[in-house]
Amino acid sequence: MRARGPLNGSAGVARVHARQPASAALRTASHAHGRIANADAFIQQIAAGLMLLAVTATFTLSSSVLTNWKIHYLTAGGNFYEKLHPATYFTLLAFSLLLLRSRGPIGEINRMFSESKLLLAYLLCWLFLLIQVIVLERPFTVIIDTFLLPILIAMVMWQLPAGQKRPLVWAIHLTILVNVVLGYYEYFSGHRLIPLTLGDVVVVGEWRSAALLGHPLTASGIVGAYVLALVLRPAICPPLLVRLPLIAFCLASLMAFGGRTSLVTVLAVIGLVGGFEAIRLMRGKRMPLPAAILAICVLFAAGAIVFAALDLGIFDKMLLRFSSDKGSALARFATFNLLSHFEWNELILGPNPVRVNALQSQLGLNYGIENFWISSIVQFGLIHTLLLMAGLVCFFIELQRRSSPAVWAIVLLIVIIAASSVSFSSKNIQLAQFVILISALLPREQRRVAPAVQVRAPVSYRSVPA
């Protein structure tokens with residue numbers, strides 16, 4: 001019995017020492033996991049800060065502003081780094097930082113594209129377009145700001161949690177309201193803060209406001225999409241007493257910006273939404289009495305303000321645009337006539353840029369081809385235009401899948417703007433602006449699932465020998 005005692009004691013000590021390294025390893029692993037999680041959270045915060053700068057730059061630093069600051073963004077000359085928009089640099093930095101998280105660049109890219117497989121098709125079509133631009137020795141910065149920046153913005157925004165997107169939403173509200181206020185100031189004072197420029201050409205004698213968004217049509221498109229977001233998703237601004245005056249204030253600014261297409265589209269969508277709501281009310285939908293009283297008062301006040309503005313002649317310039325468009329209709333007709341001057345082999349692979357510029361000057365299209373599809377055919381050819389369209393369809397399907405149903409109204413506005421103006425066929429960031437509005441203001445709401453009630457089974461205990 002005495003010889004057996006030390007053996008039992010030494011075995012117990014061995015078991016205690018065997019347990020200690022295992023618990024220490026668990027504590028070390030938990031500490032390492034906590035450090036990795038803290039590092040990932042810190043990286044996301046820096047990326048969110050860079051995206052805040054990108055959003056602010058997108059809605060304030062237009063090509064006209066950069067040209068006014070002597071930055072050769074669209075003008076001839078300058079260095080290579082001047083040809084990319086500042087928002088592109090901020091977004092690239094944010095995207096690169098997100099690739100440095102714990103999974104590593106390969107793991108992060110794999111996770112991003114496994115969640116959004118259609119983006120691979122878009123990037124493949126964009127890569128074909130990049131190869132064509134490089135082979136033909138054309139400026140490739142056009143397709144970076146116009147077509148690559150939107151997908152980078154979407155991928156970064158989808159990686160940020162809702163709490164870190166909240167400052168971005170406030171930045172969108174603030175910058176758009178600043179542009180609306182500046183639009184009113186330019187319209188009523190007749191003084192333009194930033195000269196309206198189209199590349200090296202300074203446009204004079206234009207009454208339409210542009211604010212910090214660079215061009216009247218760009219400004220009206222962005223403000224129109226913002227109004228549609230406020231109308232179709234009340235969660236953006238829940239207080240009704242704030243949302244209705246904000247909608248009216250921004251909607252009236254479309255008269256100052258002078259965008260007929262955006263104004264008519266927004267009014268048509270609002271009319272359809274109002275008609276559907278009236279039908280639902282007639283079919284028995286319940287509505288709170290204070291909301292009904294407020295809606296009636298707002299309708300009567302809006303009608304009175306509209307009639308007073310028409311009587312005072314405040315928006316006579318905009319109304320004259322519908323009767324005398326100063327050659328816009330002829331320019332759109334010349335746009336369709338432009339294709340008849342090319343052979344089929346030129347249309348398929350893309351005509352010579354020198355010949356295209358000569359025909360544009362001859363047909364009076366110095367300010368651009370006012371149709372996205374025709375302009376793409378003239379620049380890139382029919383094959384690459386079809387590839388680009390397929391990629392854009394895949395991209396918008398991913399946007400729709402991750403957004404609320406209200407995104408369809410903004411997509412409709414984008415398509416109409418693309419069919420009636422230069423829009424995305426030239427070097428600009430307008431598509432990136434729409435993507436920011438959709439991804440920040442119209443995210444898909446998470447469905448709340450009630451927690452399942454767990455019924456505990458009776459537990460039986462039995463004694464275990466020491």
# chains A, B, ... in the order shown; residues from 1 in each chain; ligands from 1
call {"tool": "closest_atom_pairs", "arguments": {"of": "region 350-461 of chain A", "to": "region 150-166 of chain A", "cutoff": "10 Å", "atoms": "only C-alpha atoms", "output": "Markdown table"}}
result
| residue | atom | partner | partner_atom | distance |
| --- | --- | --- | --- | --- |
| A:Leu392 | CA | A:Ile151 | CA | 10.0 |
| A:Phe395 | CA | A:Ile151 | CA | 7.8 |
| A:Glu398 | CA | A:Ala154 | CA | 9.6 |
| A:Leu399 | CA | A:Ala154 | CA | 8.1 |
| A:Arg402 | CA | A:Trp158 | CA | 8.5 |
| A:Ile429 | CA | A:Pro150 | CA | 8.1 |
| A:Gln430 | CA | A:Pro150 | CA | 9.1 |
| A:Leu431 | CA | A:Pro150 | CA | 6.4 |
| A:Ala432 | CA | A:Pro150 | CA | 4.3 |
| A:Gln433 | CA | A:Pro150 | CA | 7.9 |
| A:Phe434 | CA | A:Pro150 | CA | 8.5 |
| A:Val435 | CA | A:Pro150 | CA | 6.1 |
| A:Ile436 | CA | A:Ile153 | CA | 7.1 |
| A:Ile438 | CA | A:Ala154 | CA | 9.1 |
| A:Ser439 | CA | A:Ala154 | CA | 6.6 |
| A:Ala440 | CA | A:Lys165 | CA | 6.9 |
| A:Leu441 | CA | A:Lys165 | CA | 9.5 |
| A:Pro443 | CA | A:Trp158 | CA | 9.2 |
call {"tool": "select_by_dssp", "arguments": {"residues": "region 95-321 of chain A", "states": "strand (DSSP E or B)", "output": "PyMOL selection string"}}
result
chain A and resi 197-198+201-202
call {"tool": "residues_around", "arguments": {"residues": "Leu61 (chain A)", "least_positions_apart": "5", "cutoff": "12 Å", "atoms": "only C-alpha atoms", "output": "ChimeraX atom specification"}}
result
/A:53-56,66-69,71,73,84-88,175,179,194,211-215,428-430,433
call {"tool": "residues_around", "arguments": {"residues": "Gly381 (chain A)", "least_positions_apart": "6", "cutoff": "8 Å", "atoms": "only C-alpha atoms", "output": "ChimeraX atom specification"}}
result
/A:346-351
call {"tool": "residues_around", "arguments": {"residues": "Leu196 (chain A)", "least_positions_apart": "2", "cutoff": "12 Å", "atoms": "only C-alpha atoms", "output": "PyMOL selection string"}}
result
chain A and resi 62-68+186+191-194+198-217
call {"tool": "write_last_selection", "arguments": {"atoms": "C-alpha atoms", "output": "short mmCIF file (atom, residue, chain, number, x, y, z; two decimals), in the first residue's frame"}}
result
data_model
loop_
_atom_site.label_atom_id
_atom_site.label_comp_id
_atom_site.auth_asym_id
_atom_site.auth_seq_id
_atom_site.Cartn_x
_atom_site.Cartn_y
_atom_site.Cartn_z
CA SER A 62 -17.07 67.99 -60.11
CA SER A 63 -15.01 68.36 -63.26
CA SER A 64 -15.86 72.07 -63.37
CA VAL A 65 -14.63 72.53 -59.80
CA LEU A 66 -11.39 70.68 -60.57
CA THR A 67 -10.90 72.73 -63.74
CA ASN A 68 -11.50 75.92 -61.77
CA GLU A 186 -27.40 80.71 -58.81
CA HIS A 191 -24.28 84.60 -60.58
CA ARG A 192 -22.52 81.27 -61.07
CA LEU A 193 -20.10 80.28 -58.32
CA ILE A 194 -18.18 77.80 -60.48
CA LEU A 198 -17.07 71.18 -70.78
CA GLY A 199 -13.43 70.23 -70.99
CA ASP A 200 -11.55 73.22 -72.37
CA VAL A 201 -14.78 74.98 -73.43
CA VAL A 202 -16.35 77.54 -71.08
CA VAL A 203 -20.13 77.69 -71.53
CA VAL A 204 -21.59 81.19 -71.24
CA GLY A 205 -25.17 82.41 -71.37
CA GLU A 206 -26.57 79.35 -69.57
CA TRP A 207 -29.27 80.19 -67.01
CA ARG A 208 -29.56 76.68 -65.55
CA SER A 209 -27.85 76.14 -62.21
CA ALA A 210 -25.11 73.57 -61.74
CA ALA A 211 -23.92 74.21 -58.15
CA LEU A 212 -20.99 71.94 -57.24
CA LEU A 213 -22.18 69.03 -59.40
CA GLY A 214 -20.63 70.45 -62.57
CA HIS A 215 -23.51 70.33 -65.06
CA PRO A 216 -27.25 71.15 -64.87
CA LEU A 217 -28.30 67.72 -66.18
#
call {"tool": "atom_distance", "arguments": {"atom1": "CA of His72 (chain A)", "atom2": "CA of Ser420 (chain A)"}}
result
27.5 Å
call {"tool": "residues_around", "arguments": {"residues": "Cys297 (chain A)", "least_positions_apart": "6", "cutoff": "12 Å", "atoms": "only C-alpha atoms", "output": "MDAnalysis selection string"}}
result
chainID A and resid 241 244 290:291 303:304
